[in-house]
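For reference, the structure discussed in these notes is given below.
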Amino acid sequence: MSQVKKQIPLRVSAELYKELNAWAEQDFRSVNGQIEYLLTECVKQHKKTGKYIPDFDKEENI
């Protein structure tokens, strides 16, 4: 089954883009892929705990 993705315009500051780009490169993702990954993780965490900020430290220590 093919998943249709919704396109949304997103404006971020040049500094935030620079940081996202560097992070994406470290994770071998595109900036768009990195943003989608981060949003997906935030939604998962929100569903689990009711909070919107994921605990990335847990994943890094695994």
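Convention: chains lettered A, B, ... in structure tokens order; per-chain residue numbering from 1; ligands numbered from 1 as shown.
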Residues near region 30-36 of chain A, cut-off 10 Å, only C-alpha atoms, skip fewer than 3 positions along chain, as a PyMOL selection string | chain A and resi 17-25+27+39-42
If you keep N, CA and C atoms, can you produce a file of those selected residues as a compact mmCIF listing (two decimals), in the first residue's frame?
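Result written to out10.txt:
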```
# COMPACT_ATOMS: atom_id res chain seq x y z
N TYR A 17 17.90 26.09 10.05
CA TYR A 17 18.13 25.26 8.87
C TYR A 17 19.56 24.71 8.88
N LYS A 18 20.50 25.57 9.22
CA LYS A 18 21.91 25.16 9.28
C LYS A 18 22.09 24.02 10.29
N GLU A 19 21.48 24.16 11.46
CA GLU A 19 21.57 23.13 12.50
C GLU A 19 20.88 21.84 12.06
N LEU A 20 19.70 21.96 11.46
CA LEU A 20 18.99 20.78 10.98
C LEU A 20 19.77 20.07 9.88
N ASN A 21 20.37 20.84 9.00
CA ASN A 21 21.15 20.27 7.92
C ASN A 21 22.36 19.49 8.45
N ALA A 22 23.05 20.07 9.42
CA ALA A 22 24.21 19.39 10.02
C ALA A 22 23.77 18.10 10.70
N TRP A 23 22.66 18.15 11.42
CA TRP A 23 22.14 16.97 12.12
C TRP A 23 21.72 15.91 11.10
N ALA A 24 21.04 16.35 10.05
CA ALA A 24 20.60 15.42 9.01
C ALA A 24 21.79 14.72 8.36
N GLU A 25 22.84 15.47 8.08
CA GLU A 25 24.04 14.87 7.49
C GLU A 25 24.64 13.81 8.42
N ASP A 27 23.05 11.95 10.45
CA ASP A 27 22.14 10.80 10.46
C ASP A 27 21.90 10.24 9.06
N LEU A 39 9.57 14.93 13.84
CA LEU A 39 8.14 15.10 14.10
C LEU A 39 7.48 13.77 14.44
N THR A 40 7.86 12.71 13.74
CA THR A 40 7.31 11.39 14.01
C THR A 40 7.65 10.94 15.43
N GLU A 41 8.91 11.17 15.84
CA GLU A 41 9.32 10.79 17.19
C GLU A 41 8.57 11.61 18.24
N CYS A 42 8.35 12.88 17.98
CA CYS A 42 7.60 13.72 18.92
C CYS A 42 6.16 13.24 19.06
```
DSSP alpha helix (DSSP H) residues within region 4-60 of chain A, listed as a ChimeraX atom specification | /A:14-26,31-49,56-60
Export N, CA and C atoms of the chosen residues as an mmCIF file, in the first residue's frame?
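Result file again_3.cif:
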```cif
data_model
loop_
_atom_site.group_PDB
_atom_site.id
_atom_site.type_symbol
_atom_site.label_atom_id
_atom_site.label_comp_id
_atom_site.auth_asym_id
_atom_site.auth_seq_id
_atom_site.Cartn_x
_atom_site.Cartn_y
_atom_site.Cartn_z
ATOM 1 N N ALA A 14 17.449 30.801 9.072
ATOM 2 C CA ALA A 14 18.669 30.289 8.447
ATOM 3 C C ALA A 14 19.506 29.510 9.457
ATOM 4 N N GLU A 15 19.553 29.966 10.682
ATOM 5 C CA GLU A 15 20.334 29.285 11.723
ATOM 6 C C GLU A 15 19.736 27.916 12.035
ATOM 7 N N LEU A 16 18.417 27.836 12.174
ATOM 8 C CA LEU A 16 17.783 26.546 12.435
ATOM 9 C C LEU A 16 18.004 25.600 11.265
ATOM 10 N N TYR A 17 17.897 26.092 10.045
ATOM 11 C CA TYR A 17 18.129 25.257 8.873
ATOM 12 C C TYR A 17 19.556 24.706 8.881
ATOM 13 N N LYS A 18 20.504 25.570 9.224
ATOM 14 C CA LYS A 18 21.909 25.160 9.278
ATOM 15 C C LYS A 18 22.091 24.022 10.290
ATOM 16 N N GLU A 19 21.476 24.157 11.461
ATOM 17 C CA GLU A 19 21.574 23.131 12.496
ATOM 18 C C GLU A 19 20.883 21.838 12.058
ATOM 19 N N LEU A 20 19.704 21.958 11.464
ATOM 20 C CA LEU A 20 18.986 20.777 10.978
ATOM 21 C C LEU A 20 19.770 20.069 9.880
ATOM 22 N N ASN A 21 20.366 20.836 9.004
ATOM 23 C CA ASN A 21 21.149 20.271 7.919
ATOM 24 C C ASN A 21 22.357 19.494 8.454
ATOM 25 N N ALA A 22 23.054 20.072 9.421
ATOM 26 C CA ALA A 22 24.211 19.389 10.015
ATOM 27 C C ALA A 22 23.769 18.098 10.702
ATOM 28 N N TRP A 23 22.662 18.150 11.422
ATOM 29 C CA TRP A 23 22.143 16.974 12.116
ATOM 30 C C TRP A 23 21.716 15.911 11.095
ATOM 31 N N ALA A 24 21.042 16.349 10.051
ATOM 32 C CA ALA A 24 20.596 15.423 9.005
ATOM 33 C C ALA A 24 21.791 14.723 8.360
ATOM 34 N N GLU A 25 22.843 15.468 8.085
ATOM 35 C CA GLU A 25 24.041 14.868 7.493
ATOM 36 C C GLU A 25 24.639 13.808 8.416
ATOM 37 N N GLN A 26 24.663 14.069 9.710
ATOM 38 C CA GLN A 26 25.180 13.092 10.680
ATOM 39 C C GLN A 26 24.361 11.808 10.664
ATOM 40 N N VAL A 31 17.333 17.005 4.840
ATOM 41 C CA VAL A 31 16.740 17.894 5.841
ATOM 42 C C VAL A 31 15.251 17.560 5.985
ATOM 43 N N ASN A 32 14.571 17.344 4.860
ATOM 44 C CA ASN A 32 13.161 16.991 4.909
ATOM 45 C C ASN A 32 12.959 15.678 5.680
ATOM 46 N N GLY A 33 13.802 14.698 5.399
ATOM 47 C CA GLY A 33 13.721 13.420 6.105
ATOM 48 C C GLY A 33 13.977 13.572 7.592
ATOM 49 N N GLN A 34 14.914 14.439 7.948
ATOM 50 C CA GLN A 34 15.234 14.670 9.357
ATOM 51 C C GLN A 34 14.054 15.322 10.067
ATOM 52 N N ILE A 35 13.444 16.308 9.441
ATOM 53 C CA ILE A 35 12.286 16.977 10.036
ATOM 54 C C ILE A 35 11.147 15.982 10.215
ATOM 55 N N GLU A 36 10.906 15.162 9.193
ATOM 56 C CA GLU A 36 9.837 14.160 9.295
ATOM 57 C C GLU A 36 10.143 13.164 10.419
ATOM 58 N N TYR A 37 11.394 12.726 10.519
ATOM 59 C CA TYR A 37 11.791 11.807 11.590
ATOM 60 C C TYR A 37 11.548 12.435 12.967
ATOM 61 N N LEU A 38 11.998 13.670 13.141
ATOM 62 C CA LEU A 38 11.844 14.339 14.436
ATOM 63 C C LEU A 38 10.379 14.531 14.801
ATOM 64 N N LEU A 39 9.571 14.930 13.835
ATOM 65 C CA LEU A 39 8.140 15.100 14.098
ATOM 66 C C LEU A 39 7.480 13.767 14.441
ATOM 67 N N THR A 40 7.857 12.711 13.737
ATOM 68 C CA THR A 40 7.305 11.386 14.012
ATOM 69 C C THR A 40 7.650 10.943 15.429
ATOM 70 N N GLU A 41 8.908 11.165 15.836
ATOM 71 C CA GLU A 41 9.325 10.795 17.192
ATOM 72 C C GLU A 41 8.567 11.609 18.242
ATOM 73 N N CYS A 42 8.353 12.879 17.977
ATOM 74 C CA CYS A 42 7.603 13.721 18.918
ATOM 75 C C CYS A 42 6.162 13.238 19.059
ATOM 76 N N VAL A 43 5.531 12.876 17.954
ATOM 77 C CA VAL A 43 4.156 12.383 17.989
ATOM 78 C C VAL A 43 4.085 11.060 18.754
ATOM 79 N N LYS A 44 5.041 10.161 18.520
ATOM 80 C CA LYS A 44 5.073 8.889 19.249
ATOM 81 C C LYS A 44 5.189 9.136 20.752
ATOM 82 N N GLN A 45 6.095 10.027 21.131
ATOM 83 C CA GLN A 45 6.305 10.326 22.546
ATOM 84 C C GLN A 45 5.067 10.962 23.152
ATOM 85 N N HIS A 46 4.427 11.833 22.411
ATOM 86 C CA HIS A 46 3.207 12.482 22.902
ATOM 87 C C HIS A 46 2.105 11.449 23.136
ATOM 88 N N LYS A 47 1.983 10.481 22.237
ATOM 89 C CA LYS A 47 0.986 9.430 22.401
ATOM 90 C C LYS A 47 1.267 8.588 23.641
ATOM 91 N N LYS A 48 2.558 8.356 23.931
ATOM 92 C CA LYS A 48 2.945 7.541 25.086
ATOM 93 C C LYS A 48 2.753 8.275 26.401
ATOM 94 N N THR A 49 3.240 9.511 26.455
ATOM 95 C CA THR A 49 3.347 10.205 27.745
ATOM 96 C C THR A 49 2.474 11.444 27.879
ATOM 97 N N PHE A 56 15.330 12.120 23.862
ATOM 98 C CA PHE A 56 16.307 11.568 22.937
ATOM 99 C C PHE A 56 17.481 10.928 23.660
ATOM 100 N N ASP A 57 17.734 11.327 24.929
ATOM 101 C CA ASP A 57 18.847 10.749 25.664
ATOM 102 C C ASP A 57 18.680 9.250 25.853
ATOM 103 N N LYS A 58 17.444 8.770 26.021
ATOM 104 C CA LYS A 58 17.195 7.343 26.172
ATOM 105 C C LYS A 58 17.680 6.588 24.954
ATOM 106 N N GLU A 59 17.359 7.102 23.769
ATOM 107 C CA GLU A 59 17.724 6.433 22.526
ATOM 108 C C GLU A 59 19.225 6.446 22.314
ATOM 109 N N GLU A 60 19.898 7.517 22.708
ATOM 110 C CA GLU A 60 21.334 7.626 22.502
ATOM 111 C C GLU A 60 22.110 6.657 23.399
#
```
